[in-house]
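Student: Here you go, this is data31.pdb (PDB, C-alpha atoms and all ligand atoms).
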ATOM      1  CA  MET T   1      22.262   3.439  20.870
ATOM      2  CA  THR T   2      25.559   4.938  19.731
ATOM      3  CA  GLU T   3      25.547   5.811  16.072
ATOM      4  CA  THR T   4      28.199   3.884  14.158
ATOM      5  CA  ARG T   5      29.327   5.712  11.043
ATOM      6  CA  TYR T   6      31.158   3.070   9.136
ATOM      7  CA  TRP T   7      31.067  -0.716   8.790
ATOM      8  CA  ASP T   8      31.902  -3.610   6.537
ATOM      9  CA  LEU T   9      30.115  -6.938   6.137
ATOM     10  CA  ALA T  10      31.780  -8.414   9.218
ATOM     11  CA  SER T  11      31.080  -5.603  11.648
ATOM     12  CA  SER T  12      28.238  -3.688  13.272
ATOM     13  CA  VAL T  13      25.126  -3.223  11.093
ATOM     14  CA  GLY T  14      27.032  -4.545   8.064
ATOM     15  CA  ALA T  15      27.161  -8.015   9.627
ATOM     16  CA  THR T  16      23.342  -8.114   9.547
ATOM     17  CA  ALA T  17      23.605  -8.336   5.748
ATOM     18  CA  THR T  18      25.821 -11.405   6.154
ATOM     19  CA  MET T  19      23.327 -12.851   8.664
ATOM     20  CA  ALA T  20      20.476 -12.264   6.181
ATOM     21  CA  ALA T  21      22.432 -14.006   3.409
ATOM     22  CA  MET T  22      23.286 -16.880   5.774
ATOM     23  CA  VAL T  23      19.589 -17.442   6.442
ATOM     24  CA  ARG T  24      18.830 -17.267   2.698
ATOM     25  CA  ALA T  25      21.518 -19.919   2.147
ATOM     26  CA  ILE T  26      19.799 -22.197   4.684
ATOM     27  CA  ALA T  27      16.353 -21.430   3.215
ATOM     28  CA  SER T  28      17.658 -22.264  -0.276
ATOM     29  CA  ARG T  29      18.526 -25.808   0.825
ATOM     30  CA  GLY T  30      16.319 -28.647   2.042
ATOM     31  CA  GLU T  31      13.978 -30.949   0.226
ATOM     32  CA  ARG T  32      11.655 -28.480  -1.411
ATOM     33  CA  PRO T  33      13.008 -24.980  -0.855
ATOM     34  CA  LEU T  34      10.723 -22.123  -1.857
ATOM     35  CA  ILE T  35      13.626 -19.846  -2.744
ATOM     36  CA  ASP T  36      16.863 -20.328  -4.612
ATOM     37  CA  ASP T  37      19.611 -17.823  -3.940
ATOM     38  CA  PRO T  38      22.702 -19.609  -5.255
ATOM     39  CA  PHE T  39      24.959 -16.689  -4.336
ATOM     40  CA  ALA T  40      24.029 -16.535  -0.657
ATOM     41  CA  GLU T  41      26.312 -19.335   0.520
ATOM     42  CA  PRO T  42      29.448 -18.365  -1.457
ATOM     43  CA  LEU T  43      29.027 -14.706  -0.458
ATOM     44  CA  VAL T  44      28.775 -15.592   3.243
ATOM     45  CA  ARG T  45      31.837 -17.801   2.842
ATOM     46  CA  ALA T  46      33.690 -14.911   1.208
ATOM     47  CA  VAL T  47      32.934 -12.603   4.159
ATOM     48  CA  GLY T  48      34.552 -15.191   6.415
ATOM     49  CA  ILE T  49      32.726 -14.973   9.771
ATOM     50  CA  ASP T  50      33.356 -18.561  10.852
ATOM     51  CA  LEU T  51      30.022 -19.268  12.591
ATOM     52  CA  LEU T  52      27.948 -17.740   9.777
ATOM     53  CA  THR T  53      29.960 -19.670   7.171
ATOM     54  CA  ARG T  54      29.432 -22.966   8.996
ATOM     55  CA  LEU T  55      25.691 -22.291   9.207
ATOM     56  CA  ALA T  56      25.437 -21.152   5.575
ATOM     57  CA  THR T  57      27.271 -24.209   4.241
ATOM     58  CA  GLY T  58      25.276 -26.620   6.410
ATOM     59  CA  GLU T  59      28.370 -27.840   8.272
ATOM     60  CA  LEU T  60      26.565 -26.709  11.435
ATOM     61  CA  PRO T  61      22.806 -27.456  11.572
ATOM     62  CA  PRO T  62      20.620 -24.410  12.332
ATOM     63  CA  GLY T  63      19.314 -26.128  15.492
ATOM     64  CA  HIS T  64      18.903 -23.580  18.258
ATOM     65  CA  LEU T  65      21.227 -21.098  16.487
ATOM     66  CA  VAL T  66      18.826 -20.118  13.676
ATOM     67  CA  GLY T  67      15.146 -20.719  14.420
ATOM     68  CA  GLN T  68      12.566 -21.933  11.912
ATOM     69  CA  ALA T  69      10.861 -18.537  12.266
ATOM     70  CA  ALA T  70      13.972 -16.842  10.848
ATOM     71  CA  ILE T  71      14.225 -19.354   7.995
ATOM     72  CA  ASP T  72      10.544 -19.109   7.045
ATOM     73  CA  GLY T  73      10.662 -15.341   7.527
ATOM     74  CA  ALA T  74      13.576 -15.071   5.082
ATOM     75  CA  THR T  75      11.735 -17.306   2.624
ATOM     76  CA  VAL T  76       8.599 -15.180   2.461
ATOM     77  CA  ARG T  77      10.566 -11.942   2.496
ATOM     78  CA  THR T  78      12.737 -13.034  -0.439
ATOM     79  CA  ARG T  79       9.692 -14.178  -2.397
ATOM     80  CA  PHE T  80       7.850 -10.934  -1.637
ATOM     81  CA  TYR T  81      10.631  -8.712  -3.018
ATOM     82  CA  ASP T  82      11.390 -11.024  -5.972
ATOM     83  CA  GLY T  83       7.710 -10.930  -6.939
ATOM     84  CA  TYR T  84       7.597  -7.172  -6.474
ATOM     85  CA  PHE T  85      10.494  -6.570  -8.872
ATOM     86  CA  LEU T  86       9.223  -9.031 -11.470
ATOM     87  CA  ASP T  87       5.799  -7.336 -11.392
ATOM     88  CA  ALA T  88       7.503  -3.967 -11.833
ATOM     89  CA  THR T  89       9.358  -5.178 -14.930
ATOM     90  CA  ASN T  90       6.104  -6.614 -16.303
ATOM     91  CA  ALA T  91       4.568  -3.161 -15.862
ATOM     92  CA  GLY T  92       7.365  -1.695 -17.999
ATOM     93  CA  ILE T  93       9.518  -0.164 -15.256
ATOM     94  CA  ALA T  94      13.180  -0.395 -16.225
ATOM     95  CA  GLN T  95      14.876   1.500 -13.381
ATOM     96  CA  MET T  96      15.225  -0.311 -10.040
ATOM     97  CA  VAL T  97      16.836   0.976  -6.841
ATOM     98  CA  ILE T  98      17.751  -1.463  -4.077
ATOM     99  CA  LEU T  99      18.392   0.607  -0.957
ATOM    100  CA  ALA T 100      20.606  -1.183   1.610
ATOM    101  CA  SER T 101      21.557  -3.856  -0.916
ATOM    102  CA  GLY T 102      23.895  -5.753   1.418
ATOM    103  CA  LEU T 103      24.506  -9.211  -0.090
ATOM    104  CA  ASP T 104      21.290  -9.089  -2.164
ATOM    105  CA  SER T 105      21.984 -10.912  -5.442
ATOM    106  CA  ARG T 106      18.908  -9.813  -7.403
ATOM    107  CA  ALA T 107      20.961  -7.787  -9.894
ATOM    108  CA  TYR T 108      22.597 -11.107 -10.860
ATOM    109  CA  ARG T 109      19.855 -13.608 -10.265
ATOM    110  CA  LEU T 110      16.544 -12.201 -11.533
ATOM    111  CA  PRO T 111      15.608 -12.454 -15.233
ATOM    112  CA  TRP T 112      15.606  -8.711 -15.958
ATOM    113  CA  PRO T 113      14.401  -7.623 -19.404
ATOM    114  CA  PRO T 114      17.105  -6.078 -21.623
ATOM    115  CA  GLY T 115      17.675  -2.430 -20.820
ATOM    116  CA  THR T 116      16.897  -2.736 -17.095
ATOM    117  CA  VAL T 117      19.147  -0.720 -14.801
ATOM    118  CA  VAL T 118      19.517  -1.899 -11.197
ATOM    119  CA  PHE T 119      21.080   0.523  -8.717
ATOM    120  CA  GLU T 120      22.431  -0.816  -5.445
ATOM    121  CA  VAL T 121      22.974   1.583  -2.548
ATOM    122  CA  ASP T 122      24.863   0.719   0.653
ATOM    123  CA  GLN T 123      27.934   1.676   2.662
ATOM    124  CA  PRO T 124      31.144   1.897   0.569
ATOM    125  CA  PRO T 125      32.886  -1.200   2.047
ATOM    126  CA  VAL T 126      29.698  -3.260   1.569
ATOM    127  CA  ILE T 127      29.347  -2.278  -2.094
ATOM    128  CA  GLU T 128      33.021  -2.743  -2.783
ATOM    129  CA  PHE T 129      33.157  -6.155  -1.139
ATOM    130  CA  LYS T 130      30.137  -7.582  -2.919
ATOM    131  CA  THR T 131      31.205  -6.264  -6.320
ATOM    132  CA  GLY T 132      34.626  -7.915  -5.896
ATOM    133  CA  ALA T 133      33.281 -11.147  -4.414
ATOM    134  CA  MET T 134      30.710 -11.582  -7.200
ATOM    135  CA  ALA T 135      33.385 -10.951  -9.836
ATOM    136  CA  GLY T 136      35.580 -13.499  -8.052
ATOM    137  CA  LEU T 137      32.751 -16.039  -8.317
ATOM    138  CA  GLY T 138      32.510 -15.345 -12.050
ATOM    139  CA  ALA T 139      28.959 -13.975 -11.578
ATOM    140  CA  VAL T 140      27.720 -11.647 -14.304
ATOM    141  CA  PRO T 141      24.899  -9.173 -13.601
ATOM    142  CA  SER T 142      21.682  -9.948 -15.461
ATOM    143  CA  ALA T 143      20.933  -6.191 -15.661
ATOM    144  CA  ASP T 144      22.927  -3.004 -16.074
ATOM    145  CA  ARG T 145      24.096  -2.934 -12.435
ATOM    146  CA  ARG T 146      25.225   0.406 -11.031
ATOM    147  CA  THR T 147      26.243   1.214  -7.500
ATOM    148  CA  ALA T 148      26.063   4.187  -5.160
ATOM    149  CA  ALA T 149      28.443   3.699  -2.244
ATOM    150  CA  VAL T 150      27.114   6.063   0.404
ATOM    151  CA  ASP T 151      25.658   6.243   3.888
ATOM    152  CA  LEU T 152      21.843   6.335   3.728
ATOM    153  CA  ARG T 153      21.807   8.874   6.563
ATOM    154  CA  ASP T 154      23.742  11.277   4.306
ATOM    155  CA  ASP T 155      23.060  12.823   0.905
ATOM    156  CA  TRP T 156      22.488   9.543  -0.911
ATOM    157  CA  PRO T 157      20.203  11.061  -3.610
ATOM    158  CA  ASN T 158      23.185  13.006  -4.911
ATOM    159  CA  ALA T 159      25.345   9.870  -5.037
ATOM    160  CA  LEU T 160      22.530   8.002  -6.791
ATOM    161  CA  ARG T 161      22.178  10.723  -9.425
ATOM    162  CA  ALA T 162      25.952  10.740  -9.905
ATOM    163  CA  SER T 163      25.802   7.027 -10.750
ATOM    164  CA  GLY T 164      23.251   7.708 -13.501
ATOM    165  CA  PHE T 165      19.843   7.565 -11.787
ATOM    166  CA  ASP T 166      17.170   9.435 -13.779
ATOM    167  CA  PRO T 167      14.374  10.895 -11.585
ATOM    168  CA  HIS T 168      12.230  11.489 -14.684
ATOM    169  CA  ARG T 169      11.824   7.752 -15.330
ATOM    170  CA  PRO T 170       9.486   5.607 -13.197
ATOM    171  CA  THR T 171      11.443   3.681 -10.585
ATOM    172  CA  ALA T 172      10.824   0.573  -8.493
ATOM    173  CA  TRP T 173      12.402   1.109  -5.071
ATOM    174  CA  SER T 174      13.038  -1.427  -2.353
ATOM    175  CA  ALA T 175      14.181  -0.911   1.222
ATOM    176  CA  GLU T 176      14.417  -4.480   2.561
ATOM    177  CA  GLY T 177      15.585  -5.098   6.114
ATOM    178  CA  LEU T 178      16.710  -1.490   6.451
ATOM    179  CA  LEU T 179      14.373   0.795   8.343
ATOM    180  CA  GLY T 180      14.945  -0.554  11.876
ATOM    181  CA  TYR T 181      18.645   0.212  11.525
ATOM    182  CA  LEU T 182      18.015   3.865  10.709
ATOM    183  CA  PRO T 183      17.295   6.498  13.367
ATOM    184  CA  PRO T 184      13.614   7.594  13.111
ATOM    185  CA  GLU T 185      14.415  10.948  11.516
ATOM    186  CA  ALA T 186      16.734   9.310   8.947
ATOM    187  CA  GLN T 187      13.892   6.931   8.061
ATOM    188  CA  ASP T 188      11.585   9.898   7.430
ATOM    189  CA  ARG T 189      14.234  11.653   5.337
ATOM    190  CA  LEU T 190      14.830   8.498   3.318
ATOM    191  CA  LEU T 191      11.113   8.037   2.569
ATOM    192  CA  ASP T 192      10.833  11.744   1.697
ATOM    193  CA  SER T 193      13.745  11.421  -0.733
ATOM    194  CA  VAL T 194      12.264   8.289  -2.304
ATOM    195  CA  THR T 195       9.026  10.219  -2.861
ATOM    196  CA  GLU T 196      10.778  13.310  -4.244
ATOM    197  CA  LEU T 197      12.865  11.223  -6.666
ATOM    198  CA  SER T 198       9.866   9.254  -7.956
ATOM    199  CA  ALA T 199       8.338  10.036 -11.352
ATOM    200  CA  PRO T 200       4.603   9.221 -11.674
ATOM    201  CA  GLY T 201       4.016   5.468 -11.869
ATOM    202  CA  SER T 202       6.967   4.687  -9.603
ATOM    203  CA  ARG T 203       6.642   1.850  -7.100
ATOM    204  CA  VAL T 204       7.957   1.184  -3.631
ATOM    205  CA  ALA T 205       8.274  -1.858  -1.381
ATOM    206  CA  THR T 206       9.421  -2.001   2.207
ATOM    207  CA  GLU T 207       8.531  -3.316   5.645
ATOM    208  CA  SER T 208       6.406  -1.367   8.081
ATOM    209  CA  ARG T 209       6.703  -2.341  11.737
ATOM    210  CA  PRO T 210       3.728  -1.477  13.958
ATOM    211  CA  ASN T 211       4.802   0.680  16.878
ATOM    212  CA  PRO T 212       5.541  -1.323  20.040
ATOM    213  CA  ARG T 213       2.899  -2.116  22.639
ATOM    214  CA  PRO T 214       3.969  -1.980  26.285
ATOM    215  CA  GLY T 215       6.369  -4.846  26.981
ATOM    216  CA  ASP T 216       7.004  -5.684  23.307
ATOM    217  CA  GLU T 217      10.445  -4.184  23.183
ATOM    218  CA  ASP T 218      11.595  -5.871  26.393
ATOM    219  CA  ARG T 219      10.631  -9.217  24.896
ATOM    220  CA  THR T 220      12.390  -8.378  21.627
ATOM    221  CA  ARG T 221      15.570  -7.274  23.408
ATOM    222  CA  LYS T 222      15.562 -10.417  25.520
ATOM    223  CA  SER T 223      15.121 -12.593  22.464
ATOM    224  CA  LEU T 224      17.883 -10.785  20.530
ATOM    225  CA  ASP T 225      20.166 -10.991  23.576
ATOM    226  CA  GLY T 226      19.527 -14.747  23.678
ATOM    227  CA  ILE T 227      20.533 -15.101  20.022
ATOM    228  CA  SER T 228      23.652 -12.958  20.545
ATOM    229  CA  GLU T 229      24.610 -15.032  23.588
ATOM    230  CA  ARG T 230      24.239 -18.327  21.716
ATOM    231  CA  TRP T 231      26.244 -16.984  18.776
ATOM    232  CA  ARG T 232      28.934 -15.684  21.153
ATOM    233  CA  THR T 233      29.410 -19.137  22.614
ATOM    234  CA  HIS T 234      30.178 -20.226  19.037
ATOM    235  CA  GLY T 235      32.789 -17.511  18.642
ATOM    236  CA  PHE T 236      30.813 -14.762  16.878
ATOM    237  CA  ASP T 237      30.741 -11.661  19.031
ATOM    238  CA  THR T 238      27.680  -9.596  18.132
ATOM    239  CA  ASP T 239      25.108  -7.511  19.964
ATOM    240  CA  MET T 240      21.952  -7.814  17.878
ATOM    241  CA  ALA T 241      19.825  -5.664  20.179
ATOM    242  CA  GLY T 242      22.477  -2.926  20.179
ATOM    243  CA  LEU T 243      22.299  -2.595  16.384
ATOM    244  CA  ARG T 244      18.559  -1.819  16.245
ATOM    245  CA  HIS T 245      16.876   1.473  16.975
ATOM    246  CA  PHE T 246      14.132   0.899  19.508
ATOM    247  CA  GLY T 247      11.290   3.246  20.415
ATOM    248  CA  ALA T 248       8.366   4.705  18.523
ATOM    249  CA  ARG T 249       8.826   6.083  15.021
ATOM    250  CA  ASN T 250       6.599   6.982  12.118
ATOM    251  CA  GLU T 251       5.178   3.761  10.737
ATOM    252  CA  ALA T 252       6.434   3.507   7.159
ATOM    253  CA  ALA T 253       3.082   2.473   5.641
ATOM    254  CA  ALA T 254       1.152   5.444   7.061
ATOM    255  CA  TYR T 255       4.021   7.826   6.328
ATOM    256  CA  LEU T 256       4.177   6.790   2.655
ATOM    257  CA  THR T 257       0.384   6.866   2.298
ATOM    258  CA  ASP T 258       0.362  10.447   3.601
ATOM    259  CA  ARG T 259       2.854  11.319   0.879
ATOM    260  CA  GLY T 260       0.682  10.049  -1.973
ATOM    261  CA  TRP T 261       1.581   6.357  -2.257
ATOM    262  CA  ALA T 262      -1.296   3.887  -2.725
ATOM    263  CA  LEU T 263      -0.149   0.795  -0.825
ATOM    264  CA  ASP T 264      -1.173  -2.797  -0.212
ATOM    265  CA  ALA T 265       0.019  -4.426   2.984
ATOM    266  CA  LEU T 266       0.486  -8.083   3.870
ATOM    267  CA  SER T 267       1.704  -9.246   7.263
ATOM    268  CA  THR T 268       4.324 -11.955   7.714
ATOM    269  CA  ARG T 269       1.413 -14.063   8.996
ATOM    270  CA  ASP T 270      -0.414 -13.530   5.657
ATOM    271  CA  LEU T 271       2.700 -14.306   3.623
ATOM    272  CA  LEU T 272       3.444 -17.494   5.563
ATOM    273  CA  ALA T 273      -0.119 -18.688   4.927
ATOM    274  CA  ALA T 274       0.028 -17.699   1.242
ATOM    275  CA  ASN T 275       3.231 -19.735   0.863
ATOM    276  CA  GLY T 276       1.814 -22.787   2.666
ATOM    277  CA  LEU T 277       4.105 -22.289   5.701
ATOM    278  CA  ARG T 278       3.076 -22.742   9.334
ATOM    279  CA  PRO T 279       2.359 -19.726  11.566
ATOM    280  CA  LEU T 280       5.262 -18.806  13.849
ATOM    281  CA  ASP T 281       5.158 -20.605  17.234
ATOM    282  CA  ASP T 282       7.590 -18.512  19.114
ATOM    283  CA  ASP T 283       7.242 -14.877  18.089
ATOM    284  CA  ASP T 284       9.066 -12.793  20.683
ATOM    285  CA  LEU T 285      10.430 -10.644  17.862
ATOM    286  CA  ARG T 286       6.824  -9.878  16.846
ATOM    287  CA  MET T 287       7.578 -10.883  13.290
ATOM    288  CA  SER T 288       4.034 -12.056  12.492
ATOM    289  CA  ASP T 289       2.744  -8.469  12.681
ATOM    290  CA  LEU T 290       5.470  -6.988  10.491
ATOM    291  CA  LEU T 291       3.837  -5.599   7.356
ATOM    292  CA  TYR T 292       5.258  -5.972   3.880
ATOM    293  CA  VAL T 293       3.979  -3.024   1.882
ATOM    294  CA  ARG T 294       4.123  -2.294  -1.818
ATOM    295  CA  GLY T 295       2.463   0.282  -3.962
ATOM    296  CA  THR T 296       2.487   2.987  -6.570
ATOM    297  CA  LEU T 297       2.827   6.748  -6.470
ATOM    298  CA  ALA T 298      -0.441   8.339  -7.465
ATOM    299  CA  ASP T 299      -0.277  10.926 -10.315
TER     300      ASP T 299
HETATM  301  N1  LIG T 301      18.641  -5.702   2.031
HETATM  302  C1  LIG T 301      19.642  -6.712   2.314
HETATM  303  C2  LIG T 301      18.990  -8.045   2.556
HETATM  304  O1  LIG T 301      17.784  -8.086   2.839
HETATM  305  O2  LIG T 301      19.694  -9.064   2.504
HETATM  306  C3  LIG T 301      20.490  -6.316   3.524
HETATM  307  C4  LIG T 301      19.710  -6.178   4.802
HETATM  308  S1  LIG T 301      20.781  -6.008   6.216
HETATM  309  C5  LIG T 301      19.702  -6.581   7.476
HETATM  310  C6  LIG T 301      20.836  -4.250   6.491
HETATM  311  C7  LIG T 301      21.608  -3.511   5.426
HETATM  312  O3  LIG T 301      21.357  -2.134   5.606
HETATM  313  C8  LIG T 301      23.134  -3.688   5.474
HETATM  314  O4  LIG T 301      23.615  -4.026   4.216
HETATM  315  C9  LIG T 301      23.621  -2.318   5.924
HETATM  316  O5  LIG T 301      24.902  -1.992   5.445
HETATM  317  C10 LIG T 301      22.528  -1.432   5.342
HETATM  318  N2  LIG T 301      22.425  -0.149   6.045
HETATM  319  C11 LIG T 301      21.892   0.091   7.273
HETATM  320  N3  LIG T 301      22.044   1.387   7.593
HETATM  321  C12 LIG T 301      22.672   1.974   6.550
HETATM  322  C13 LIG T 301      23.134   3.282   6.311
HETATM  323  N4  LIG T 301      22.978   4.243   7.198
HETATM  324  N5  LIG T 301      23.752   3.535   5.134
HETATM  325  C14 LIG T 301      23.923   2.543   4.213
HETATM  326  N6  LIG T 301      23.520   1.275   4.391
HETATM  327  C15 LIG T 301      22.908   0.997   5.556
END
Do you think you could lay out the structure here as structure tokens?
Tutor:
Amino acid sequence: MTETRYWDLASSVGATATMAAMVRAIASRGERPLIDDPFAEPLVRAVGIDLLTRLATGELPPGHLVGQAAIDGATVRTRFYDGYFLDATNAGIAQMVILASGLDSRAYRLPWPPGTVVFEVDQPPVIEFKTGAMAGLGAVPSADRRTAAVDLRDDWPNALRASGFDPHRPTAWSAEGLLGYLPPEAQDRLLDSVTELSAPGSRVATESRPNPRPGDEDRTRKSLDGISERWRTHGFDTDMAGLRHFGARNEAAAYLTDRGWALDALSTRDLLAANGLRPLDDDDLRMSDLLYVRGTLAD
């Protein structure tokens, strides 16, 4: 794929953050939703991609445009990272870093203990937009929210330090929905930097995708092309497959373990079962095997 250097929430990889928030908005509705992200819908509306707004508000039913697998996947993913951060605060960690924060509203929505600092890192237009949109909604952060507006393929540790990050304090890191959008070597560099910046007792959570088996990626591309095509007929021109980096890469779980992290891993399949949700019927994107990993840096 061609490397795009710059995007906002309506273009290129940035639009995937708006898609993720749109699915959270859908997952937050219904009779007995398992998540509640009250900011997802107004943030998607603020970005202004017509199709995503109509889906987020419920004006357009998800139907064949957003499958149940995506909705249940977003539900378990949101609960996984919410639980991870709440456990970290219970363990006394007061410095959080959300890498690729997109339209994540945790700095406003989770009950952080006093004194907690939450850093959000993403591309400058993404950070700027969300900060302004949340202020426009009258939302007040529930932690000391700081931002580092920087490309995660560049020297983001420097930008993070400049916004007040202290590498001597234990940190809880998250990289949610990010790694597949980074080139393989940028993923390695990012995980190396996370490790280098982590004081003993720090924690990390991310997804680890098993490397593709023969034929997997063709099925994934075809499925993503189908979604893009359906969305295009509703006026949203995107190329989902073109935004992802395909091909083998270091699997994040093994890579982090080799660097001293003690991790637990749960697959999407495990998380669906743990949340009382049905296994995925149609899994061309091989979501069931995606691992959610979390763990601590050994001393
Ligand atoms: N973590 C958020 C969530 O789960 O809702 C957003 C996930 S969205 C699928 C991917 C995010 O990664 C976008 O916000 C995008 O801007 C960010 N991202 C991807 N590559 C990046 C890069 N090189 N530098 C900064 N941000 C990046």
Student: Any chance you could work out the residue set of the PyMOL selection byres (((not hetatm)) within 9 of (chain T and resi 301)) here, as a PDB file with C-alpha atoms, keeping the file's coordinate frame?
Tutor:
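Okay, this is what ended up in selection-v4.pdb:
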ATOM      1  CA  THR T   4      28.199   3.884  14.158  1.00  0.00           C
ATOM      2  CA  ARG T   5      29.327   5.712  11.043  1.00  0.00           C
ATOM      3  CA  TYR T   6      31.158   3.070   9.136  1.00  0.00           C
ATOM      4  CA  TRP T   7      31.067  -0.716   8.790  1.00  0.00           C
ATOM      5  CA  ASP T   8      31.902  -3.610   6.537  1.00  0.00           C
ATOM      6  CA  LEU T   9      30.115  -6.938   6.137  1.00  0.00           C
ATOM      7  CA  SER T  12      28.238  -3.688  13.272  1.00  0.00           C
ATOM      8  CA  VAL T  13      25.126  -3.223  11.093  1.00  0.00           C
ATOM      9  CA  GLY T  14      27.032  -4.545   8.064  1.00  0.00           C
ATOM     10  CA  ALA T  15      27.161  -8.015   9.627  1.00  0.00           C
ATOM     11  CA  THR T  16      23.342  -8.114   9.547  1.00  0.00           C
ATOM     12  CA  ALA T  17      23.605  -8.336   5.748  1.00  0.00           C
ATOM     13  CA  THR T  18      25.821 -11.405   6.154  1.00  0.00           C
ATOM     14  CA  MET T  19      23.327 -12.851   8.664  1.00  0.00           C
ATOM     15  CA  ALA T  20      20.476 -12.264   6.181  1.00  0.00           C
ATOM     16  CA  ALA T  21      22.432 -14.006   3.409  1.00  0.00           C
ATOM     17  CA  ARG T  24      18.830 -17.267   2.698  1.00  0.00           C
ATOM     18  CA  ALA T  74      13.576 -15.071   5.082  1.00  0.00           C
ATOM     19  CA  ARG T  77      10.566 -11.942   2.496  1.00  0.00           C
ATOM     20  CA  THR T  78      12.737 -13.034  -0.439  1.00  0.00           C
ATOM     21  CA  ILE T  98      17.751  -1.463  -4.077  1.00  0.00           C
ATOM     22  CA  LEU T  99      18.392   0.607  -0.957  1.00  0.00           C
ATOM     23  CA  ALA T 100      20.606  -1.183   1.610  1.00  0.00           C
ATOM     24  CA  SER T 101      21.557  -3.856  -0.916  1.00  0.00           C
ATOM     25  CA  GLY T 102      23.895  -5.753   1.418  1.00  0.00           C
ATOM     26  CA  LEU T 103      24.506  -9.211  -0.090  1.00  0.00           C
ATOM     27  CA  ASP T 104      21.290  -9.089  -2.164  1.00  0.00           C
ATOM     28  CA  SER T 105      21.984 -10.912  -5.442  1.00  0.00           C
ATOM     29  CA  VAL T 121      22.974   1.583  -2.548  1.00  0.00           C
ATOM     30  CA  ASP T 122      24.863   0.719   0.653  1.00  0.00           C
ATOM     31  CA  GLN T 123      27.934   1.676   2.662  1.00  0.00           C
ATOM     32  CA  PRO T 124      31.144   1.897   0.569  1.00  0.00           C
ATOM     33  CA  PRO T 125      32.886  -1.200   2.047  1.00  0.00           C
ATOM     34  CA  VAL T 126      29.698  -3.260   1.569  1.00  0.00           C
ATOM     35  CA  ILE T 127      29.347  -2.278  -2.094  1.00  0.00           C
ATOM     36  CA  ALA T 149      28.443   3.699  -2.244  1.00  0.00           C
ATOM     37  CA  VAL T 150      27.114   6.063   0.404  1.00  0.00           C
ATOM     38  CA  ASP T 151      25.658   6.243   3.888  1.00  0.00           C
ATOM     39  CA  LEU T 152      21.843   6.335   3.728  1.00  0.00           C
ATOM     40  CA  ARG T 153      21.807   8.874   6.563  1.00  0.00           C
ATOM     41  CA  ASP T 154      23.742  11.277   4.306  1.00  0.00           C
ATOM     42  CA  TRP T 156      22.488   9.543  -0.911  1.00  0.00           C
ATOM     43  CA  SER T 174      13.038  -1.427  -2.353  1.00  0.00           C
ATOM     44  CA  ALA T 175      14.181  -0.911   1.222  1.00  0.00           C
ATOM     45  CA  GLU T 176      14.417  -4.480   2.561  1.00  0.00           C
ATOM     46  CA  GLY T 177      15.585  -5.098   6.114  1.00  0.00           C
ATOM     47  CA  LEU T 178      16.710  -1.490   6.451  1.00  0.00           C
ATOM     48  CA  LEU T 179      14.373   0.795   8.343  1.00  0.00           C
ATOM     49  CA  GLY T 180      14.945  -0.554  11.876  1.00  0.00           C
ATOM     50  CA  TYR T 181      18.645   0.212  11.525  1.00  0.00           C
ATOM     51  CA  LEU T 182      18.015   3.865  10.709  1.00  0.00           C
ATOM     52  CA  PRO T 183      17.295   6.498  13.367  1.00  0.00           C
ATOM     53  CA  ALA T 186      16.734   9.310   8.947  1.00  0.00           C
TER      54      ALA T 186
END
Student: Near range 251-266 of chain T, counting only C-alpha atoms, which residues have an atom at most 9 Å away, once you skip same-chain residues fewer than 3 positions from it, shown as a PyMOL selection string?
Tutor: chain T and resi 179+187-188+191-192+195+203-211+248+269-271+290-299
Student: Rank nothing, just name the residue among T:Ser193, T:Ser223, T:Ser163, T:Ser11 nearest to Ala148 in chain T, using all atoms listed in the file.
Tutor: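 Checking each candidate against Ala148 in chain T, we get T:Ser163 as the closest.
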Student: With a distance cut-off of 6 Å and all atoms listed in the file, select the neighbouring residues of Arg169 in chain T, excluding the residue or stretch itself and same-chain residues fewer than 2 positions from it, and output the selection as a list in words.
Tutor: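 These residues fall inside the cut-off: Asp166, Pro167 and Ala199 of chain T.
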Student: For the atom pair CA of His245 in chain T and CA of Glu217 in chain T, what is the interatomic distance in Å to one decimal place?
Tutor: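 Between CA of His245 in chain T and CA of Glu217 in chain T the gap is 10.6 Å.
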Student: Could you add whatever atoms are missing so that range 201-205 of chain T carries N, CA, C and O atoms, then write the result as a PDB file, in the frame of the given file?
Tutor:
ATOM      1  N   GLY T 201       3.980   6.886 -11.491  1.00  0.00           N
ATOM      2  CA  GLY T 201       4.016   5.468 -11.869  1.00  0.00           C
ATOM      3  C   GLY T 201       5.101   4.692 -11.141  1.00  0.00           C
ATOM      4  O   GLY T 201       5.199   3.471 -11.292  1.00  0.00           O
ATOM      5  N   SER T 202       5.919   5.393 -10.352  1.00  0.00           N
ATOM      6  CA  SER T 202       6.967   4.687  -9.603  1.00  0.00           C
ATOM      7  C   SER T 202       6.339   3.791  -8.544  1.00  0.00           C
ATOM      8  O   SER T 202       5.200   3.989  -8.122  1.00  0.00           O
ATOM      9  N   ARG T 203       7.119   2.813  -8.112  1.00  0.00           N
ATOM     10  CA  ARG T 203       6.642   1.850  -7.100  1.00  0.00           C
ATOM     11  C   ARG T 203       7.612   1.793  -5.928  1.00  0.00           C
ATOM     12  O   ARG T 203       8.795   2.126  -6.086  1.00  0.00           O
ATOM     13  N   VAL T 204       7.096   1.330  -4.808  1.00  0.00           N
ATOM     14  CA  VAL T 204       7.957   1.184  -3.631  1.00  0.00           C
ATOM     15  C   VAL T 204       7.573  -0.089  -2.890  1.00  0.00           C
ATOM     16  O   VAL T 204       6.401  -0.493  -2.914  1.00  0.00           O
ATOM     17  N   ALA T 205       8.556  -0.724  -2.273  1.00  0.00           N
ATOM     18  CA  ALA T 205       8.274  -1.858  -1.381  1.00  0.00           C
ATOM     19  C   ALA T 205       9.198  -1.775  -0.185  1.00  0.00           C
ATOM     20  O   ALA T 205      10.393  -1.484  -0.327  1.00  0.00           O
TER      21      ALA T 205
END
